[in-house]
Amino acid sequence: MAEHQTYEEQKQLVFYGLKLLAVITIVEVAFALFAKGHISPDITFGKDGGFGQALYMLAMVGASAYKAYFIVFYFMHMAHEVRGLMLSVLLPTTLLIWAIIAFFQEGGSWGSRREQIKEKNLEVVQPAPKPQGYYILPGTLKG
Amino acid sequence: MADSSVTHGHSAHGEDQNLWDGAKEPMKASYGKLMMWYFLVSDAFTFAGFLIAYGALRFSSPTWPEPDFVFASFPFVKAHWPLVFVTFMTFVLIFSSVTMVRAVQEGHRENRRGVVFWMFLTILGGATFLGSQAYEWTTLIKYENVSLERNPFGRYMADGELVDATGKPVMENGAPVTVKKDDSYLLHGHEHDGKIELEKKYIKYTSGNYAGQVHEVGQGPKAFGALFFFITGFHGFHVFSGVLFLTIIMINAMSGLYVSRKNGYEMVEKIGLYWHFVDLVWVFVFLVFYLL
């Protein structure tokens, strides 16, 4: 805990945090309803794909990331811990950036090949010839 | 040889001679707090794995249920209020996070009554969240028939008009019912011989690759139910364990156990870290399941 903060300052931080998280959440939900056509039925850029939805998603991810930063740094007091502790907790999470890129690419590729995958699953290939004789382990006593 | 080197070490670094007895805390955090942080790192990776799997499966699906259509029920009200109830749940968690910070602060001042009071409010918040989640799950499972492998929520893949099994247009107020690409639907179910059967709906597409053809309106992506129940369930289990540990630590604080330790109610600080982490995870669960 930060020794340089007075009790009154600490209490102020708590109410600032409450206001901040509440305002961001309300703005997020209001923007989600707006972007998905619940306020004006003609405005649906938040759900009809393309650039508008990408921007919408980016804004939502950004707002959530800011909430996460505030919780970790001020509610969990990471801002007042020594640098080594902060880095040892935060640096490993950067590995997730690669995980996100790799798995989303994988999912996207799977999604764009669904028809091809279906066709491949239905494809009839000539069955392999039956093995002659018998063998104990595959690839050892063949033939 | 070994003896002399130990003696040498002591004399050369006199001020550090208690280093190996646990006298000096690495990174100025106690063992317990440090281990809580690293447990939370590992837990963050577990949750990240689940959420990234959700993203990958969502990207692999041609459509995905629209959250503001799926999550629109509210207790005691027969209304379609998109995202209102889950916003309430988010606020419950925010409030309980704030009361937790207050409990930790009172702990630093060695104020037993303050710690117990704010921890009690935190527990109340956690329990309210769990109750709300129980309502949400009940609605989805019992009334909307979502299960681990069944998902009646979907979105039309192209424009079209609804027809019955014989291909005749479904009429409503004297006009055929038309639907647009990306419109959401819910297939209502009913119980038959102890099994849930979903209603049969047919659509005659007027655009897209299947224009002119009649297709059955199928279930939405089936991974949706499994991902939703698994991820929110795993988060809810964290909340449940949190409530359990908060209760134990509150009772300990009431009994005066931490007064004798004279370490600023460090145990409250440790459960506080965990509780904020649960709120942190909810920020991302809320993002991917309800906002995007």
# chains A, B, ... in the order shown; residues from 1 in each chain; ligands from 1
call {"tool": "interface_residues", "arguments": {"of": "chain A", "to": "chain B", "cutoff": "8 Å", "atoms": "only C-alpha atoms", "output": "PyMOL selection string"}}
result
chain A and resi 7+10-11+14-15+17-18+21-22+25-26+28-29+32-33+48+57+60-61+64+67-68+71-72+75-76+81-82+84-85+89+93+96+99-100+103-112
call {"tool": "select_by_dssp", "arguments": {"residues": "region 174-237 of chain B", "states": "helix (DSSP H, G or I)", "output": "MDAnalysis selection string"}}
result
chainID B and resid 223:237
call {"tool": "atom_distance", "arguments": {"atom1": "CA of Ile271 (chain B)", "atom2": "CA of Leu246 (chain B)"}}
result
6.8 Å
